[in-house]
file query.txt (compact mmCIF, C-alpha atoms)
# COMPACT_ATOMS: atom_id res chain seq x y z
CA MET A 1 156.26 67.88 42.83
CA ARG A 2 152.77 66.39 42.98
CA ARG A 3 151.94 68.37 46.11
CA ILE A 4 152.82 71.68 44.45
CA ILE A 5 150.67 70.89 41.42
CA ALA A 6 147.71 69.81 43.54
CA CYS A 7 147.87 72.95 45.66
CA THR A 8 148.09 75.19 42.62
CA LEU A 9 145.06 73.57 41.03
CA LEU A 10 143.05 74.38 44.12
CA VAL A 11 144.12 78.01 44.12
CA TYR A 12 143.92 79.16 40.51
CA PRO A 13 140.12 78.79 40.30
CA ALA A 14 139.96 81.24 43.22
CA LEU A 15 142.05 83.70 41.26
CA ALA A 16 139.69 83.34 38.32
CA ILE A 17 136.63 83.74 40.54
CA ALA A 18 138.00 86.91 42.11
CA ALA A 19 138.93 88.35 38.72
CA ASP A 20 135.27 88.21 37.70
CA MET A 21 134.08 90.08 40.78
CA PRO A 22 134.27 93.86 41.26
CA GLU A 23 136.72 95.12 43.87
CA VAL A 24 135.71 98.39 45.51
CA ALA A 25 138.11 100.58 47.47
CA LEU A 26 136.84 101.50 50.93
CA TRP A 27 138.02 105.09 50.45
CA SER A 28 138.03 106.47 46.92
CA ASN A 29 140.90 108.87 47.71
CA GLY A 30 142.96 106.44 49.77
CA ALA A 31 142.71 105.14 53.31
CA PRO A 32 143.48 107.49 56.22
CA GLY A 33 146.81 106.36 57.65
CA SER A 34 148.09 104.94 54.37
CA GLU A 35 149.28 108.18 52.86
CA GLY A 36 152.52 107.65 50.94
CA MET A 37 152.23 103.84 51.07
CA THR A 38 152.86 102.83 47.45
CA ALA A 39 154.17 99.28 47.73
CA LYS A 40 152.34 96.88 45.45
CA GLU A 41 149.95 94.29 46.82
CA ILE A 42 151.45 90.79 46.77
CA VAL A 43 149.49 87.69 45.81
CA GLU A 44 151.03 84.25 46.30
CA PRO A 45 149.32 81.08 45.00
CA GLY A 46 149.47 77.82 46.90
CA ASN A 47 152.82 76.06 46.96
CA ALA A 48 154.76 73.46 48.94
CA SER A 49 154.35 75.43 52.17
CA HIS A 50 150.64 76.29 52.00
CA ASP A 51 147.59 75.25 49.98
CA TYR A 52 145.76 78.59 49.91
CA LEU A 53 145.96 81.96 48.21
CA LYS A 54 147.94 84.48 50.29
CA VAL A 55 147.64 88.25 49.94
CA TRP A 56 149.67 90.88 51.78
CA SER A 57 151.13 94.38 51.40
CA ILE A 58 147.64 95.88 51.50
CA HIS A 59 147.58 99.67 51.56
CA ASN A 60 144.35 100.32 49.69
CA PRO A 61 141.77 98.31 51.68
CA SER A 62 138.81 97.07 49.68
CA LEU A 63 135.77 94.84 49.35
CA THR A 64 135.47 92.20 46.64
CA VAL A 65 131.76 91.97 45.87
CA PHE A 66 130.00 88.62 45.46
CA LEU A 67 126.27 88.97 44.80
CA PRO A 68 123.82 86.06 44.65
CA PRO A 69 121.53 85.63 41.63
CA LYS A 70 118.69 88.13 41.80
CA GLU A 71 116.08 85.38 42.09
CA LYS A 72 117.91 83.90 45.13
CA ALA A 73 118.84 87.11 46.94
CA THR A 74 117.47 87.35 50.47
CA GLY A 75 118.78 90.84 51.19
CA ALA A 76 121.22 89.58 53.82
CA ALA A 77 124.88 90.53 53.50
CA VAL A 78 128.08 89.43 55.22
CA ILE A 79 131.43 91.22 55.26
CA ILE A 80 134.08 88.49 55.42
CA ALA A 81 137.46 89.10 57.09
CA PRO A 82 139.96 86.33 56.27
CA GLY A 83 142.63 85.36 58.77
CA GLY A 84 146.40 85.15 58.56
CA ALA A 85 147.80 86.33 61.92
CA HIS A 86 147.57 89.96 60.71
CA GLN A 87 150.57 89.11 58.49
CA PHE A 88 148.67 88.03 55.35
CA LEU A 89 145.16 87.04 54.30
CA ALA A 90 144.17 83.46 53.42
CA ILE A 91 141.82 85.06 51.00
CA ASP A 92 140.37 82.06 49.15
CA ILE A 93 139.62 79.49 51.86
CA GLU A 94 138.52 82.17 54.33
CA GLY A 95 137.19 84.68 51.84
CA TYR A 96 136.24 83.96 48.22
CA ASN A 97 135.08 80.38 48.85
CA VAL A 98 133.01 81.53 51.81
CA ALA A 99 131.39 84.28 49.73
CA LYS A 100 130.49 81.78 47.00
CA TYR A 101 128.85 79.53 49.59
CA LEU A 102 126.89 82.43 51.02
CA ASN A 103 125.72 83.31 47.49
CA SER A 104 124.35 79.77 47.17
CA VAL A 105 121.97 80.45 50.09
CA GLY A 106 121.01 83.90 48.83
CA VAL A 107 123.43 86.01 50.87
CA ALA A 108 125.68 88.72 49.44
CA GLY A 109 129.34 88.26 50.41
CA PHE A 110 131.90 91.06 50.63
CA VAL A 111 135.49 89.89 51.10
CA LEU A 112 137.47 92.45 53.08
CA LYS A 113 141.09 93.21 52.33
CA TYR A 114 142.21 94.99 55.48
CA ARG A 115 145.54 96.47 56.45
CA LEU A 116 147.95 94.11 58.20
CA ALA A 117 149.43 95.21 61.51
CA ARG A 118 151.90 92.35 62.00
CA GLU A 119 153.34 92.11 58.52
CA GLN A 120 157.10 92.68 58.64
CA GLY A 121 157.81 96.41 58.76
CA SER A 122 154.15 97.38 59.12
CA LYS A 123 153.25 100.65 60.82
CA TYR A 124 149.57 99.73 61.03
CA LYS A 125 147.74 98.76 64.22
CA VAL A 126 144.92 96.23 64.57
CA GLU A 127 142.78 98.47 66.79
CA VAL A 128 143.35 101.54 64.63
CA ASP A 129 143.85 100.84 60.93
CA ALA A 130 142.42 97.34 60.51
CA LEU A 131 139.46 98.26 62.72
CA ALA A 132 138.87 101.41 60.67
CA ASP A 133 138.75 99.22 57.55
CA ALA A 134 136.15 96.89 59.07
CA LEU A 135 133.91 99.70 60.30
CA ARG A 136 134.19 101.53 56.98
CA ALA A 137 133.20 98.30 55.20
CA VAL A 138 129.95 98.09 57.19
CA ARG A 139 129.13 101.71 56.34
CA LEU A 140 130.01 101.23 52.66
CA VAL A 141 127.72 98.22 52.25
CA ARG A 142 124.87 100.17 53.82
CA HIS A 143 125.63 103.16 51.58
CA ARG A 144 125.39 101.03 48.44
CA ALA A 145 122.65 98.73 49.73
CA GLU A 146 120.15 99.55 47.00
CA GLU A 147 122.69 99.01 44.24
CA TRP A 148 123.77 95.67 45.70
CA ARG A 149 120.22 94.50 46.59
CA VAL A 150 121.06 94.43 50.28
CA ASP A 151 118.84 95.18 53.26
CA PRO A 152 120.78 97.76 55.32
CA THR A 153 119.31 96.26 58.49
CA ARG A 154 120.77 92.80 57.72
CA VAL A 155 124.47 93.52 57.29
CA GLY A 156 126.72 91.23 59.32
CA ILE A 157 130.44 90.73 59.75
CA MET A 158 132.29 87.43 59.81
CA GLY A 159 135.89 86.68 60.61
CA PHE A 160 138.32 83.77 60.72
CA SER A 161 141.26 83.62 63.13
CA ALA A 162 142.84 87.13 63.04
CA GLY A 163 139.84 88.21 60.98
CA GLY A 164 137.66 86.90 63.81
CA GLU A 165 139.50 89.16 66.22
CA LEU A 166 138.80 92.05 63.85
CA ALA A 167 135.11 91.13 63.50
CA ALA A 168 134.75 91.01 67.29
CA LEU A 169 136.38 94.42 67.62
CA ALA A 170 134.05 95.85 64.97
CA SER A 171 131.08 94.39 66.83
CA THR A 172 132.05 96.07 70.09
CA ARG A 173 133.56 99.40 68.94
CA PHE A 174 131.01 100.66 66.44
CA ASP A 175 129.28 104.03 66.35
CA SER A 176 126.07 105.46 64.97
CA GLY A 177 127.78 107.63 62.36
CA ASN A 178 128.56 111.32 62.15
CA LYS A 179 125.50 113.13 60.79
CA GLU A 180 127.62 116.22 60.06
CA ALA A 181 130.27 114.37 58.03
CA SER A 182 130.98 115.66 54.53
CA ASP A 183 131.38 112.05 53.35
CA PRO A 184 127.87 110.51 53.18
CA ILE A 185 129.32 107.08 54.00
CA ASP A 186 130.57 108.34 57.35
CA ARG A 187 127.05 109.47 58.27
CA LEU A 188 125.90 105.84 58.51
CA SER A 189 126.09 103.44 61.44
CA SER A 190 129.05 101.06 61.57
CA ARG A 191 127.26 98.61 63.88
CA PRO A 192 126.98 95.14 62.30
CA ASP A 193 123.55 93.55 62.63
CA PHE A 194 125.18 90.22 63.51
CA GLN A 195 128.64 88.76 63.93
CA VAL A 196 130.07 85.36 63.01
CA LEU A 197 133.34 84.35 64.67
CA ILE A 198 135.06 81.24 63.29
CA TYR A 199 138.08 80.09 65.36
CA PRO A 200 138.69 83.74 66.30
CA GLY A 201 141.97 85.15 67.53
CA GLY A 202 142.36 87.84 70.15
CA ARG A 203 141.29 87.60 73.77
CA ALA A 204 137.69 87.69 74.88
CA ASN A 205 138.51 89.45 78.14
CA THR A 206 139.69 92.53 76.23
CA LEU A 207 136.24 93.03 74.66
CA THR A 208 133.50 95.18 76.14
CA ILE A 209 130.29 93.22 75.69
CA THR A 210 127.00 95.06 76.21
CA LYS A 211 123.36 94.52 75.32
CA GLU A 212 124.10 96.48 72.12
CA THR A 213 126.58 93.85 70.92
CA PRO A 214 125.03 92.23 67.83
CA ARG A 215 123.63 88.71 67.94
CA THR A 216 126.42 86.20 67.55
CA PHE A 217 127.39 82.86 65.99
CA LEU A 218 130.53 81.18 67.39
CA LEU A 219 132.32 78.09 66.04
CA CYS A 220 135.65 76.32 66.42
CA ALA A 221 137.20 72.90 67.07
CA ASP A 222 137.97 71.79 70.63
CA ASN A 223 141.51 70.78 69.67
CA ASP A 224 142.18 74.33 68.46
CA ARG A 225 143.42 75.37 71.86
CA SER A 226 143.48 79.17 71.83
CA PRO A 227 140.17 79.79 69.99
CA SER A 228 138.31 77.15 72.01
CA ASN A 229 139.51 78.73 75.26
CA ASN A 230 138.61 82.13 73.84
CA LEU A 231 135.05 81.08 72.99
CA ALA A 232 134.65 79.38 76.37
CA THR A 233 135.27 82.82 77.90
CA LEU A 234 133.28 84.82 75.36
CA TYR A 235 130.08 82.78 75.41
CA PRO A 236 129.12 83.46 79.05
CA MET A 237 130.04 87.13 78.58
CA LEU A 238 127.56 87.36 75.73
CA LYS A 239 124.90 85.45 77.66
CA GLN A 240 125.29 87.68 80.71
CA ALA A 241 124.80 90.76 78.51
CA GLY A 242 121.64 89.26 76.99
CA VAL A 243 123.09 88.89 73.49
CA PRO A 244 121.39 86.07 71.52
CA THR A 245 124.21 83.61 70.82
CA GLU A 246 124.74 80.20 69.25
CA LEU A 247 127.94 78.24 69.97
CA HIS A 248 129.38 75.18 68.19
CA ILE A 249 132.55 73.43 69.32
CA TYR A 250 133.44 70.38 67.25
CA ALA A 251 135.56 67.66 68.85
CA SER A 252 138.34 67.91 66.27
CA GLY A 253 139.36 69.77 63.16
CA GLY A 254 142.12 72.06 64.36
CA HIS A 255 142.66 75.54 63.00
CA GLY A 256 142.29 77.11 59.58
CA PHE A 257 139.86 74.70 57.93
CA GLY A 258 137.87 77.45 56.16
CA ILE A 259 136.12 76.19 53.05
CA ARG A 260 138.24 74.13 50.68
CA GLU A 261 137.16 72.48 47.45
CA LYS A 262 138.92 69.30 48.59
CA PRO A 263 139.84 69.32 52.30
CA ALA A 264 143.05 67.40 52.99
CA LYS A 265 141.38 66.17 56.19
CA PRO A 266 137.61 65.92 55.55
CA THR A 267 136.66 66.15 59.23
CA PRO A 268 133.02 66.91 60.13
CA VAL A 269 133.88 70.51 60.94
CA ALA A 270 135.68 71.06 57.63
CA THR A 271 132.81 69.66 55.57
CA SER A 272 129.77 70.87 57.48
CA TRP A 273 130.41 73.96 59.63
CA TYR A 274 128.93 76.29 57.03
CA LEU A 275 125.68 74.30 57.09
CA ARG A 276 125.37 75.13 60.80
CA LEU A 277 125.88 78.80 59.91
CA ALA A 278 123.12 78.67 57.28
CA ASP A 279 120.81 77.01 59.82
CA TRP A 280 121.49 79.81 62.30
CA MET A 281 121.00 82.55 59.73
CA SER A 282 117.69 80.97 58.72
CA ASP A 283 116.62 80.61 62.35
CA GLN A 284 117.42 84.29 62.95
CA GLY A 285 115.35 85.36 59.94
CA PHE A 286 118.28 86.57 57.84
CA LEU A 287 117.48 84.22 54.94
CA LYS A 288 113.87 85.24 54.66
CA LYS A 289 113.21 87.00 51.38
CA GLU A 290 111.60 90.41 51.61

call {"tool": "encode", "arguments": {"input": "query.txt", "output": "structure tokens"}}
result
Amino acid sequence: MRRIIACTLLVYPALAIAADMPEVALWSNGAPGSEGMTAKEIVEPGNASHDYLKVWSIHNPSLTVFLPPKEKATGAAVIIAPGGAHQFLAIDIEGYNVAKYLNSVGVAGFVLKYRLAREQGSKYKVEVDALADALRAVRLVRHRAEEWRVDPTRVGIMGFSAGGELAALASTRFDSGNKEASDPIDRLSSRPDFQVLIYPGGRANTLTITKETPRTFLLCADNDRSPSNNLATLYPMLKQAGVPTELHIYASGGHGFGIREKPAKPTPVATSWYLRLADWMSDQGFLKKE
């Protein structure tokens, strides 16, 4: 019983935080490919089986907007794609909490609810529908940059686990926009200005890395077998293409640490990885106020 109570206490503040933040649909008239999908979104607080907030049954993809105080804002922005094996989103520990941390260093955070290709009964595909959501998110942030006090040349994408796979796809399959599009959002580039991959899923050898791939921050734990092998492959690919890259592999910490208010296992990676990210963003000039 104690475990259930403790987990719930960690999750409900995230629900309250999200309730105070605007959620903006990526497409005002519904997402292409989701026509006729009317099932309600499902939100499940932490319980005996997991200590995070789960969201699934997403048919109206969106961004939840977290803006830093005006006096702190640097103009940098990050679209955050939580993980969950493309079956659900761990939307607090890999989304809302991350956005709040980014706000503390002056960065706008936009938590992406994307369509889930491996949810039971799903007709969506990662490289079609979820990717379309990620690319649309980049365009949307640029379109509303002035309103959200964002520099349209400092819009990055960040992903955890399955969300890391999605962020990597968005960073290698972008386009410059369609200047003839009737929708002004579609006229804008979908290329992120930087990418942040935290214990990413997917396979590096399926990505096409070029000199146009955005500068990159990579991080995982060595005892997280698949992501650490993935990053060991991806890093030299990025280096060979001339993409500025920083890589951190902690000795331990496993998978799914995200940002928790009270980590069950306060390993160095769980309690400090985001400091390394802030260092990198500062080093790259993204935290410099205009």

call {"tool": "closest_atom_pairs", "arguments": {"input": "query.txt", "of": "region 144-238 of chain A", "to": "region 24-48 of chain A", "cutoff": "12 Å", "atoms": "all atoms listed in the file", "output": "Markdown table"}}
result
| residue | atom | partner | partner_atom | distance |
| --- | --- | --- | --- | --- |
| A:Arg144 | CA | A:Val24 | CA | 11.0 |
| A:Asp183 | CA | A:Trp27 | CA | 10.0 |
| A:Pro184 | CA | A:Trp27 | CA | 11.8 |
| A:Ile185 | CA | A:Trp27 | CA | 9.6 |
| A:Asp186 | CA | A:Trp27 | CA | 10.7 |

call {"tool": "residues_around", "arguments": {"input": "query.txt", "residues": "Lys123 (chain A)", "least_positions_apart": "2", "cutoff": "12 Å", "atoms": "only C-alpha atoms", "output": "NGL selection string"}}
result
:A and (33-35 or 37 or 57-59 or 115-121 or 125-126 or 128-130)

call {"tool": "atom_distance", "arguments": {"input": "query.txt", "atom1": "CA of Ala145 (chain A)", "atom2": "CA of Ala168 (chain A)"}}
result
22.7 Å

call {"tool": "closest_residue", "arguments": {"input": "query.txt", "among": "A:Asp193, A:Glu23, A:Asp224, A:Asp92", "to": "Ser62 (chain A)", "atoms": "all atoms listed in the file"}}
result
A:Glu23

call {"tool": "closest_atom_pairs", "arguments": {"input": "query.txt", "of": "region 234-256 of chain A", "to": "region 275-288 of chain A", "cutoff": "12 Å", "atoms": "only C-alpha atoms", "output": "tab-separated table"}}
result
residue	atom	partner	partner_atom	distance
A:Pro244	CA	A:Gln284	CA	9.6
A:Thr245	CA	A:Trp280	CA	9.7
A:Glu246	CA	A:Trp280	CA	7.7
A:Leu247	CA	A:Arg276	CA	10.0
A:His248	CA	A:Arg276	CA	8.4
A:Ile249	CA	A:Arg276	CA	11.3
A:Tyr250	CA	A:Arg276	CA	11.4

call {"tool": "atom_distance", "arguments": {"input": "query.txt", "atom1": "CA of Ile209 (chain A)", "atom2": "CA of Ser171 (chain A)"}}
result
9.0 Å

call {"tool": "closest_residue", "arguments": {"input": "query.txt", "among": "A:Ala204, A:Leu67, A:Ala134, A:Leu140", "to": "Gly109 (chain A)", "atoms": "only C-alpha atoms"}}
result
A:Leu67

call {"tool": "build_atoms", "arguments": {"input": "query.txt", "residues": "region 23-45 of chain A", "atoms": "N, CA, C and O atoms", "output": "short mmCIF file (atom, residue, chain, number, x, y, z; two decimals), in the frame of the given file"}}
result
data_model
loop_
_atom_site.label_atom_id
_atom_site.label_comp_id
_atom_site.auth_asym_id
_atom_site.auth_seq_id
_atom_site.Cartn_x
_atom_site.Cartn_y
_atom_site.Cartn_z
N GLU A 23 136.03 94.77 42.62
CA GLU A 23 136.72 95.12 43.87
C GLU A 23 136.57 96.62 44.08
O GLU A 23 136.91 97.41 43.20
N VAL A 24 136.05 97.00 45.23
CA VAL A 24 135.71 98.39 45.51
C VAL A 24 136.57 98.90 46.65
O VAL A 24 136.57 98.32 47.75
N ALA A 25 137.30 99.98 46.41
CA ALA A 25 138.11 100.58 47.47
C ALA A 25 137.21 101.14 48.58
O ALA A 25 136.14 101.70 48.30
N LEU A 26 137.64 100.99 49.82
CA LEU A 26 136.84 101.50 50.93
C LEU A 26 136.83 103.02 50.95
O LEU A 26 135.83 103.64 51.34
N TRP A 27 137.92 103.63 50.56
CA TRP A 27 138.02 105.09 50.45
C TRP A 27 138.47 105.42 49.03
O TRP A 27 139.53 104.97 48.59
N SER A 28 137.71 106.18 48.32
CA SER A 28 138.03 106.47 46.92
C SER A 28 139.31 107.28 46.76
O SER A 28 139.98 107.20 45.72
N ASN A 29 139.68 108.04 47.78
CA ASN A 29 140.90 108.87 47.71
C ASN A 29 142.02 108.33 48.60
O ASN A 29 142.93 109.07 48.97
N GLY A 30 141.94 107.05 48.93
CA GLY A 30 142.96 106.44 49.77
C GLY A 30 142.57 106.38 51.22
O GLY A 30 141.83 107.22 51.72
N ALA A 31 143.07 105.36 51.91
CA ALA A 31 142.71 105.14 53.31
C ALA A 31 143.47 106.07 54.24
O ALA A 31 144.69 106.24 54.09
N PRO A 32 142.79 106.68 55.20
CA PRO A 32 143.48 107.49 56.22
C PRO A 32 144.52 106.63 56.94
O PRO A 32 144.22 105.51 57.37
N GLY A 33 145.74 107.13 57.03
CA GLY A 33 146.81 106.36 57.65
C GLY A 33 147.69 105.62 56.67
O GLY A 33 148.71 105.05 57.05
N SER A 34 147.29 105.62 55.40
CA SER A 34 148.09 104.94 54.37
C SER A 34 148.70 105.92 53.38
O SER A 34 149.16 105.51 52.32
N GLU A 35 148.70 107.17 53.73
CA GLU A 35 149.28 108.18 52.86
C GLU A 35 150.75 107.85 52.59
O GLU A 35 151.52 107.57 53.51
N GLY A 36 151.14 107.91 51.33
CA GLY A 36 152.52 107.65 50.94
C GLY A 36 152.89 106.19 50.84
O GLY A 36 154.02 105.85 50.47
N MET A 37 151.96 105.28 51.16
CA MET A 37 152.23 103.84 51.07
C MET A 37 151.97 103.40 49.63
O MET A 37 150.81 103.31 49.21
N THR A 38 153.02 103.13 48.88
CA THR A 38 152.86 102.83 47.45
C THR A 38 153.31 101.42 47.06
O THR A 38 153.27 101.07 45.89
N ALA A 39 153.74 100.64 48.05
CA ALA A 39 154.17 99.28 47.73
C ALA A 39 153.03 98.48 47.12
O ALA A 39 151.88 98.62 47.52
N LYS A 40 153.35 97.65 46.14
CA LYS A 40 152.34 96.88 45.45
C LYS A 40 151.83 95.74 46.31
O LYS A 40 152.57 95.15 47.10
N GLU A 41 150.56 95.45 46.16
CA GLU A 41 149.95 94.29 46.82
C GLU A 41 150.60 93.01 46.28
O GLU A 41 150.90 92.91 45.09
N ILE A 42 150.81 92.05 47.16
CA ILE A 42 151.45 90.79 46.77
C ILE A 42 150.45 89.65 46.89
O ILE A 42 149.77 89.51 47.91
N VAL A 43 150.37 88.86 45.84
CA VAL A 43 149.49 87.69 45.81
C VAL A 43 150.35 86.46 45.56
O VAL A 43 151.10 86.41 44.59
N GLU A 44 150.22 85.46 46.43
CA GLU A 44 151.03 84.25 46.30
C GLU A 44 150.13 83.02 46.23
O GLU A 44 149.44 82.69 47.19
N PRO A 45 150.11 82.31 45.09
CA PRO A 45 149.32 81.08 45.00
C PRO A 45 149.85 80.00 45.93
O PRO A 45 150.94 80.12 46.50
#
